[in-house]
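Dropping input.pdb in here (PDB, C-alpha atoms):
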ATOM      1  CA  MET M   1     101.014 124.289  98.214
ATOM      2  CA  GLY M   2     102.395 120.959  99.416
ATOM      3  CA  ILE M   3     105.259 118.862  98.103
ATOM      4  CA  LEU M   4     103.035 117.243  95.443
ATOM      5  CA  THR M   5     102.640 119.674  92.552
ATOM      6  CA  PRO M   6      99.629 119.619  90.203
ATOM      7  CA  GLU M   7     101.869 117.912  87.579
ATOM      8  CA  ILE M   8     102.834 115.142  90.025
ATOM      9  CA  ILE M   9      99.248 114.744  91.246
ATOM     10  CA  GLU M  10      97.964 114.276  87.694
ATOM     11  CA  PHE M  11     100.778 111.829  86.890
ATOM     12  CA  VAL M  12      99.993 109.627  89.916
ATOM     13  CA  ARG M  13      96.253 109.677  89.230
ATOM     14  CA  VAL M  14      96.821 108.540  85.652
ATOM     15  CA  GLN M  15      99.459 105.883  86.344
ATOM     16  CA  LYS M  16      97.897 104.279  89.468
ATOM     17  CA  LEU M  17     100.416 101.416  89.846
ATOM     18  CA  GLY M  18     103.014 102.061  92.503
ATOM     19  CA  PHE M  19     105.889  99.805  93.478
ATOM     20  CA  VAL M  20     106.099 100.013  97.257
ATOM     21  CA  ALA M  21     109.347  99.325  99.095
ATOM     22  CA  THR M  22     109.390  98.596 102.817
ATOM     23  CA  VAL M  23     111.995  97.198 105.189
ATOM     24  CA  CYS M  24     111.605  93.651 106.549
ATOM     25  CA  PRO M  25     112.420  92.956 110.226
ATOM     26  CA  ASP M  26     115.729  91.384 109.161
ATOM     27  CA  GLY M  27     116.693  94.564 107.296
ATOM     28  CA  THR M  28     116.106  93.181 103.795
ATOM     29  CA  PRO M  29     113.923  95.043 101.300
ATOM     30  CA  ASN M  30     110.366  94.102 100.408
ATOM     31  CA  LEU M  31     108.933  95.326  97.101
ATOM     32  CA  SER M  32     105.265  94.981  96.275
ATOM     33  CA  PRO M  33     103.105  96.455  93.496
ATOM     34  CA  LYS M  34     100.014  98.365  94.605
ATOM     35  CA  GLY M  35      97.400  99.050  91.942
ATOM     36  CA  THR M  36      95.427 101.335  94.242
ATOM     37  CA  THR M  37      98.175 103.940  94.662
ATOM     38  CA  THR M  38      96.738 107.431  94.360
ATOM     39  CA  ILE M  39      96.760 110.946  95.777
ATOM     40  CA  TRP M  40      95.152 111.840  99.082
ATOM     41  CA  ASP M  41      96.174 115.515  99.111
ATOM     42  CA  ASP M  42      99.164 117.651  98.137
ATOM     43  CA  GLU M  43     101.309 116.071 100.877
ATOM     44  CA  HIS M  44     100.107 112.449 100.970
ATOM     45  CA  LEU M  45      99.820 109.363  98.805
ATOM     46  CA  VAL M  46      97.540 106.493  99.758
ATOM     47  CA  PHE M  47      96.931 102.875  98.813
ATOM     48  CA  LEU M  48      94.580 100.176 100.013
ATOM     49  CA  ASP M  49      95.583  96.990 101.779
ATOM     50  CA  ILE M  50      93.550  94.469  99.844
ATOM     51  CA  TYR M  51      96.116  91.733 100.276
ATOM     52  CA  SER M  52      99.332  93.231 101.577
ATOM     53  CA  PRO M  53     100.234  91.268 104.712
ATOM     54  CA  GLY M  54     104.014  91.628 104.274
ATOM     55  CA  THR M  55     103.862  95.330 103.517
ATOM     56  CA  VAL M  56     101.598  96.102 106.486
ATOM     57  CA  LYS M  57     103.617  93.904 108.856
ATOM     58  CA  ASN M  58     106.807  95.723 107.839
ATOM     59  CA  LEU M  59     105.224  99.162 108.216
ATOM     60  CA  LYS M  60     104.021  98.343 111.726
ATOM     61  CA  ILE M  61     107.657  97.819 112.698
ATOM     62  CA  ASN M  62     109.267 100.503 110.529
ATOM     63  CA  SER M  63     107.129 103.211 108.913
ATOM     64  CA  ALA M  64     109.786 104.127 106.314
ATOM     65  CA  ILE M  65     108.461 103.687 102.787
ATOM     66  CA  GLU M  66     109.356 104.464  99.194
ATOM     67  CA  ILE M  67     106.957 104.315  96.285
ATOM     68  CA  ASN M  68     108.094 104.376  92.665
ATOM     69  CA  ILE M  69     105.595 105.228  89.954
ATOM     70  CA  VAL M  70     106.826 105.116  86.367
ATOM     71  CA  ASP M  71     105.122 105.534  83.004
ATOM     72  CA  ILE M  72     106.373 102.427  81.175
ATOM     73  CA  PHE M  73     106.088 104.125  77.798
ATOM     74  CA  THR M  74     107.729 107.495  78.461
ATOM     75  CA  ARG M  75     110.189 106.029  80.982
ATOM     76  CA  LYS M  76     109.534 108.949  83.297
ATOM     77  CA  GLY M  77     108.250 108.938  86.832
ATOM     78  CA  PHE M  78     108.841 109.740  90.465
ATOM     79  CA  ARG M  79     110.261 108.228  93.634
ATOM     80  CA  PHE M  80     108.317 109.181  96.741
ATOM     81  CA  LYS M  81     110.054 108.779 100.104
ATOM     82  CA  GLY M  82     108.190 109.181 103.341
ATOM     83  CA  THR M  83     106.533 107.602 106.330
ATOM     84  CA  ALA M  84     103.420 105.487 106.362
ATOM     85  CA  LYS M  85     100.481 105.356 108.725
ATOM     86  CA  ILE M  86      98.164 102.347 108.752
ATOM     87  CA  ILE M  87      94.512 103.253 109.149
ATOM     88  CA  SER M  88      92.085 100.424 109.908
ATOM     89  CA  GLU M  89      88.853 102.091 110.978
ATOM     90  CA  GLY M  90      87.078 105.339 111.639
ATOM     91  CA  LYS M  91      86.126 108.358 109.596
ATOM     92  CA  LEU M  92      89.525 108.786 107.929
ATOM     93  CA  PHE M  93      89.482 105.127 106.844
ATOM     94  CA  GLU M  94      85.945 105.539 105.465
ATOM     95  CA  ASP M  95      86.886 108.788 103.672
ATOM     96  CA  ILE M  96      89.919 107.147 102.053
ATOM     97  CA  VAL M  97      87.960 104.101 100.884
ATOM     98  CA  ALA M  98      85.261 106.416  99.504
ATOM     99  CA  ILE M  99      87.670 108.038  97.019
ATOM    100  CA  TYR M 100      87.927 104.656  95.249
ATOM    101  CA  GLY M 101      84.197 104.680  94.509
ATOM    102  CA  GLU M 102      82.317 101.561  93.453
ATOM    103  CA  GLY M 103      85.534  99.693  92.649
ATOM    104  CA  ALA M 104      86.401  99.459  96.338
ATOM    105  CA  LYS M 105      83.221  97.501  97.043
ATOM    106  CA  LYS M 106      84.586  94.522  95.089
ATOM    107  CA  TYR M 107      87.275  93.856  97.688
ATOM    108  CA  GLN M 108      87.700  93.245 101.371
ATOM    109  CA  ILE M 109      89.793  96.244 102.379
ATOM    110  CA  LYS M 110      91.754  95.537 105.531
ATOM    111  CA  ASN M 111      93.572  98.859 105.888
ATOM    112  CA  ALA M 112      94.399 102.082 104.142
ATOM    113  CA  VAL M 113      98.024 103.145 104.087
ATOM    114  CA  LEU M 114      98.520 106.918 104.161
ATOM    115  CA  ILE M 115     101.998 108.109 103.211
ATOM    116  CA  LYS M 116     103.355 111.481 104.292
ATOM    117  CA  VAL M 117     105.640 112.333 101.365
ATOM    118  CA  GLU M 118     108.876 113.897 102.549
ATOM    119  CA  LEU M 119     110.916 113.763  99.341
ATOM    120  CA  VAL M 120     110.065 113.496  95.643
ATOM    121  CA  ILE M 121     112.812 112.493  93.214
ATOM    122  CA  PRO M 122     112.140 112.558  89.460
ATOM    123  CA  ILE M 123     112.926 109.409  87.465
ATOM    124  CA  LEU M 124     114.148 109.832  83.892
ATOM    125  CA  SER M 125     115.454 107.090  81.638
ATOM    126  CA  PRO M 126     119.068 107.396  80.466
ATOM    127  CA  ALA M 127     117.648 106.831  76.968
ATOM    128  CA  TYR M 128     116.914 110.568  76.902
ATOM    129  CA  ASP M 129     120.677 111.180  77.167
ATOM    130  CA  THR M 130     121.084 109.528  73.756
ATOM    131  CA  GLY M 131     118.946 112.161  72.058
ATOM    132  CA  LEU M 132     115.728 110.132  71.903
ATOM    133  CA  SER M 133     112.541 112.135  72.328
ATOM    134  CA  GLU M 134     109.566 111.173  74.431
ATOM    135  CA  THR M 135     107.727 110.306  71.212
ATOM    136  CA  ASP M 136     110.607 108.034  70.172
ATOM    137  CA  LEU M 137     110.449 106.181  73.477
ATOM    138  CA  VAL M 138     106.664 105.891  73.458
ATOM    139  CA  ASN M 139     106.805 104.459  69.934
ATOM    140  CA  ARG M 140     109.595 102.043  70.859
ATOM    141  CA  TRP M 141     107.795 100.706  73.921
ATOM    142  CA  THR M 142     104.389 100.611  72.227
ATOM    143  CA  GLU M 143     105.889  98.435  69.484
ATOM    144  CA  TYR M 144     107.550  96.235  72.093
ATOM    145  CA  TRP M 145     104.393  95.667  74.142
ATOM    146  CA  ASN M 146     102.339  95.080  70.997
ATOM    147  CA  SER M 147     104.878  92.465  69.898
ATOM    148  CA  ILE M 148     104.559  90.475  73.126
ATOM    149  CA  HIS M 149     100.777  90.975  73.418
ATOM    150  CA  PRO M 150      99.646  90.864  69.763
ATOM    151  CA  GLY M 151      96.005  91.566  69.050
ATOM    152  CA  ASN M 152      95.353  93.326  72.343
TER     153      ASN M 152
END

Would you kindly transcribe this structure into structure tokens?
Amino acid sequence: MGILTPEIIEFVRVQKLGFVATVCPDGTPNLSPKGTTTIWDDEHLVFLDIYSPGTVKNLKINSAIEINIVDIFTRKGFRFKGTAKIISEGKLFEDIVAIYGEGAKKYQIKNAVLIKVELVIPILSPAYDTGLSETDLVNRWTEYWNSIHPGN
């Protein structure tokens, strides 16, 4: 078994949105949301470069990457640290794009970014330290989001 447990794999597949951090050439951070973040296997995450010129440019210079995926309702998630490989053509590229099914055909996919996960760090809101349960937090955040997006 790889570093990504069945629990983590299921979590990533359900959440989908990853916040990807890379390092700019001047050493400053770059953070970009990627709605195609998913699991490749039990050691790798992957996302598609649909329009990620800054992220890809940074990774070509420095392959270090961190992806944060958090459930906004439970306030739980994971930080994934690793190294990225940009894949632009060939069988591996085609195989990666294929896992996205029909949805991938709507976009011009420039690259796939395959991340070798080297470290997984759980994320847990400090709200749990106050005695709140997961149900309490889900209810709190559901009410909040319903209040700012009424009728949705």

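Between atom CA of Gly103 of chain M and atom CA of Val46 of chain M the interatomic distance comes to 15.5 Å.
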
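For the residues M:Leu59, M:Ala21, M:Tyr107, M:Leu114, ranking by smallest atom-to-atom distance to Phe47 of chain M using all atoms listed in the file places M:Leu114 first.
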
| When the PyMOL selection byres ((chain M and resi 2) around 9) is applied to the file above, which residues end up in the set, as a list in words? |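 Expected selection for the PyMOL selection byres ((chain M and resi 2) around 9) here is Met1, Ile3, Leu4, Thr5, Asp41, Asp42, Glu43 and His44 of chain M.
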
| Within 12 Å of (103.5, 96.2, 111.6), in the coordinates the file gives, what residues turn up when you count only C-alpha atoms, written out as a list in words? | Thr22, Val23, Cys24, Pro25, Ser52, Pro53, Gly54, Thr55, Val56, Lys57, Asn58, Leu59, Lys60, Ile61, Asn62, Ser63, Ala64, Ala84, Lys85, Ile86, Ile87, Asn111 and Val113 of chain M

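Taking only C-alpha atoms into account, Glu134 of chain M lies nearest to M:Ile72 out of the set M:Ile67, M:Leu119, M:Ile96, M:Ile72.
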
| Nearest to Lys106 of chain M among M:Lys81, M:Ser147, M:Thr135, M:Ile50, with distances taken over all atoms listed in the file: which residue is it? | M:Ile50

| said: Using all atoms listed in the file for the distances, tell me which of M:Tyr144, M:Glu94, M:Leu17, M:Glu66 is nearest to Arg79 of chain M. | reply: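 Distance minimum relative to Arg79 of chain M lands on M:Glu66.
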
| query | Interatomic distance between atom CA of Ile109 of chain M and atom CA of Val97 of chain M? | reply |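 Atom-to-atom, atom CA of Ile109 of chain M to atom CA of Val97 of chain M, that is 8.2 Å.
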
| task | Could you tell me which residues the PyMOL selection byres ((chain M and resi 123) around 12) grabs in this file, written as a list in words? | result |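 With the shown file as input, the PyMOL selection byres ((chain M and resi 123) around 12) matches Ile8, Ile67, Asn68, Ile69, Val70, Asp71, Ile72, Thr74, Arg75, Lys76, Gly77, Phe78, Arg79, Phe80, Val120, Ile121, Pro122, Leu124, Ser125, Pro126, Ala127 and Tyr128 of chain M.
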
| field | Contact residues around Gly82 of chain M with all atoms listed in the file at 6 Å, ignoring same-chain residues under 4 positions, as a PyMOL selection string | value | chain M and resi 65+116-118

Expected file: the selected residues, C-alpha atoms, as a tab-separated table (two decimals), in the coordinates of the input:
chain	number	residue	atom	x	y	z
M	65	ILE	CA	108.46	103.69	102.79
M	116	LYS	CA	103.36	111.48	104.29
M	117	VAL	CA	105.64	112.33	101.36
M	118	GLU	CA	108.88	113.90	102.55

| query | By how many Å are atom CA of Gly35 of chain M and atom CA of Phe73 of chain M apart? | reply |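 So the two atoms, atom CA of Gly35 of chain M and atom CA of Phe73 of chain M, lie 17.4 Å apart.
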
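Every protein, DNA or RNA residue with an atom at most 9 Å from Lys16 of chain M, where only C-alpha atoms count and chain neighbours fewer than 5 positions away do not, is listed here: M:Phe11, M:Lys34, M:Gly35, M:Thr36, M:Thr37, M:Thr38, M:Ile69.
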
Those same residues, written as a tab-separated table (two decimals), in the frame of the given file with C-alpha atoms?
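The resulting file, again_36.tsv, is shown below:
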chain	number	residue	atom	x	y	z
M	11	PHE	CA	100.78	111.83	86.89
M	34	LYS	CA	100.01	98.36	94.60
M	35	GLY	CA	97.40	99.05	91.94
M	36	THR	CA	95.43	101.34	94.24
M	37	THR	CA	98.18	103.94	94.66
M	38	THR	CA	96.74	107.43	94.36
M	69	ILE	CA	105.60	105.23	89.95

For segment 67-86 of chain M, take all atoms listed in the file, fit an axis-aligned box around them, add 6 Å to each of the six sides, then output centre and edge lengths in Å rounded to one decimal, as lines of an AutoDock Vina configuration file.
center_x = 104.2
center_y = 106.0
center_z = 93.3
size_x = 24.1
size_y = 19.4
size_z = 43.0

| remark: Shortest contact to Pro33 of chain M, candidates M:Leu45, M:Tyr51, M:Gly151, M:Val20, atoms counted all atoms listed in the file, goes to M:Val20

I need chain M from the structure I supplied, saved as a compact mmCIF listing (two decimals), in the first residue's frame with C-alpha atoms retained.
# COMPACT_ATOMS: atom_id res chain seq x y z
CA MET M 1 0.00 0.00 0.00
CA GLY M 2 1.22 3.49 -0.87
CA ILE M 3 1.16 6.69 1.16
CA LEU M 4 -2.45 7.44 0.12
CA THR M 5 -4.78 5.31 2.22
CA PRO M 6 -8.27 4.29 1.05
CA GLU M 7 -9.70 6.98 3.40
CA ILE M 8 -7.53 9.70 1.82
CA ILE M 9 -8.26 8.46 -1.71
CA GLU M 10 -12.02 8.63 -1.12
CA PHE M 11 -11.71 12.09 0.47
CA VAL M 12 -9.80 13.51 -2.52
CA ARG M 13 -12.19 11.96 -5.04
CA VAL M 14 -15.17 13.51 -3.27
CA GLN M 15 -13.69 16.96 -2.65
CA LYS M 16 -11.98 17.51 -6.04
CA LEU M 17 -10.86 21.12 -5.44
CA GLY M 18 -7.21 21.41 -4.50
CA PHE M 19 -5.31 24.57 -3.67
CA VAL M 20 -1.92 24.17 -5.31
CA ALA M 21 1.14 26.00 -4.00
CA THR M 22 4.27 26.38 -6.11
CA VAL M 23 7.37 28.54 -5.84
CA CYS M 24 7.84 31.48 -8.23
CA PRO M 25 11.30 32.16 -9.71
CA ASP M 26 11.75 35.05 -7.26
CA GLY M 27 11.07 32.72 -4.32
CA THR M 28 7.56 34.01 -3.58
CA PRO M 29 4.62 31.61 -3.28
CA ASN M 30 2.00 31.05 -5.95
CA LEU M 31 -1.37 29.61 -4.92
CA SER M 32 -3.90 28.46 -7.47
CA PRO M 33 -7.13 26.44 -7.16
CA LYS M 34 -7.38 23.33 -9.33
CA GLY M 35 -10.84 21.84 -9.75
CA THR M 36 -9.48 18.76 -11.50
CA THR M 37 -7.41 17.52 -8.55
CA THR M 38 -7.85 13.78 -8.11
CA ILE M 39 -6.10 10.49 -7.39
CA TRP M 40 -3.89 8.75 -9.92
CA ASP M 41 -2.84 5.85 -7.68
CA ASP M 42 -1.93 5.24 -4.04
CA GLU M 43 1.24 7.35 -4.38
CA HIS M 44 0.21 10.12 -6.80
CA LEU M 45 -2.24 12.96 -7.18
CA VAL M 46 -2.94 14.53 -10.55
CA PHE M 47 -4.58 17.63 -12.00
CA LEU M 48 -5.07 18.99 -15.48
CA ASP M 49 -3.52 22.15 -16.86
CA ILE M 50 -6.55 23.74 -18.47
CA TYR M 51 -5.33 27.25 -17.81
CA SER M 52 -2.44 27.14 -15.38
CA PRO M 53 0.42 29.04 -17.03
CA GLY M 54 1.91 30.33 -13.75
CA THR M 55 1.73 26.97 -12.02
CA VAL M 56 3.31 25.09 -14.93
CA LYS M 57 6.01 27.73 -15.43
CA ASN M 58 6.94 27.50 -11.74
CA LEU M 59 7.00 23.70 -11.77
CA LYS M 60 9.33 23.65 -14.77
CA ILE M 61 11.85 25.57 -12.67
CA ASN M 62 11.15 23.99 -9.28
CA SER M 63 9.11 20.77 -9.04
CA ALA M 64 8.28 21.26 -5.33
CA ILE M 65 4.53 21.39 -4.77
CA GLU M 66 1.98 21.35 -1.99
CA ILE M 67 -1.71 20.71 -2.45
CA ASN M 68 -4.29 21.43 0.26
CA ILE M 69 -7.71 19.83 0.02
CA VAL M 70 -10.23 20.73 2.71
CA ASP M 71 -13.89 19.91 3.24
CA ILE M 72 -15.32 23.39 3.87
CA PHE M 73 -18.13 22.01 6.01
CA THR M 74 -16.27 19.59 8.29
CA ARG M 75 -13.12 21.74 8.34
CA LYS M 76 -11.01 18.64 7.85
CA GLY M 77 -8.58 17.83 5.10
CA PHE M 78 -5.04 17.06 4.07
CA ARG M 79 -1.84 18.77 2.98
CA PHE M 80 0.04 16.84 0.32
CA LYS M 81 3.73 17.66 -0.18
CA GLY M 82 5.68 16.26 -3.06
CA THR M 83 7.24 16.76 -6.46
CA ALA M 84 5.45 17.37 -9.71
CA LYS M 85 6.06 16.07 -13.20
CA ILE M 86 4.52 17.82 -16.20
CA ILE M 87 3.24 15.44 -18.85
CA SER M 88 2.31 16.93 -22.23
CA GLU M 89 1.92 13.99 -24.58
CA GLY M 90 2.11 10.25 -24.98
CA LYS M 91 0.33 7.28 -23.49
CA LEU M 92 0.59 8.45 -19.87
CA PHE M 93 -0.91 11.83 -20.83
CA GLU M 94 -3.74 10.09 -22.70
CA ASP M 95 -4.36 7.69 -19.79
CA ILE M 96 -4.54 10.57 -17.30
CA VAL M 97 -6.94 12.60 -19.45
CA ALA M 98 -9.09 9.49 -19.91
CA ILE M 99 -9.84 9.23 -16.17
CA TYR M 100 -11.74 12.54 -16.45
CA GLY M 101 -14.17 11.02 -18.94
CA GLU M 102 -16.45 13.14 -21.11
CA GLY M 103 -15.86 16.24 -18.98
CA ALA M 104 -12.29 16.52 -20.24
CA LYS M 105 -13.50 16.91 -23.82
CA LYS M 106 -14.97 20.33 -22.99
CA TYR M 107 -11.52 21.85 -22.48
CA GLN M 108 -8.23 22.28 -24.23
CA ILE M 109 -5.91 20.36 -21.92
CA LYS M 110 -2.34 21.57 -22.26
CA ASN M 111 -0.67 19.29 -19.71
CA ALA M 112 -1.31 16.86 -16.92
CA VAL M 113 0.54 17.42 -13.67
CA LEU M 114 1.40 14.20 -11.82
CA ILE M 115 2.43 14.65 -8.19
CA LYS M 116 4.51 12.08 -6.34
CA VAL M 117 3.21 12.50 -2.78
CA GLU M 118 6.02 12.34 -0.26
CA LEU M 119 4.21 13.57 2.86
CA VAL M 120 0.57 13.76 3.94
CA ILE M 121 -0.35 16.01 6.86
CA PRO M 122 -3.91 15.97 8.23
CA ILE M 123 -5.71 19.31 8.57
CA LEU M 124 -8.15 19.72 11.46
CA SER M 125 -9.86 22.93 12.49
CA PRO M 126 -9.09 24.26 15.98
CA ALA M 127 -12.88 24.45 16.40
CA TYR M 128 -12.74 20.77 17.36
CA ASP M 129 -10.61 21.77 20.37
CA THR M 130 -13.60 23.71 21.72
CA GLY M 131 -15.71 20.57 21.97
CA LEU M 132 -17.70 21.07 18.76
CA SER M 133 -18.57 17.89 16.90
CA GLU M 134 -18.33 17.35 13.18
CA THR M 135 -22.13 17.63 13.01
CA ASP M 136 -21.97 20.97 14.84
CA LEU M 137 -19.46 22.32 12.34
CA VAL M 138 -21.34 21.00 9.31
CA ASN M 139 -24.53 22.64 10.60
CA ARG M 140 -22.74 25.91 11.33
CA TRP M 141 -21.15 26.13 7.88
CA THR M 142 -24.28 24.93 6.07
CA GLU M 143 -26.24 27.74 7.72
CA TYR M 144 -23.50 30.22 6.82
CA TRP M 145 -23.34 29.25 3.14
CA ASN M 146 -27.13 29.17 2.89
CA SER M 147 -27.24 32.69 4.35
CA ILE M 148 -24.90 34.10 1.70
CA HIS M 149 -26.39 32.04 -1.16
CA PRO M 150 -30.11 31.96 -0.25
CA GLY M 151 -32.38 29.87 -2.42
CA ASN M 152 -29.60 27.74 -3.86
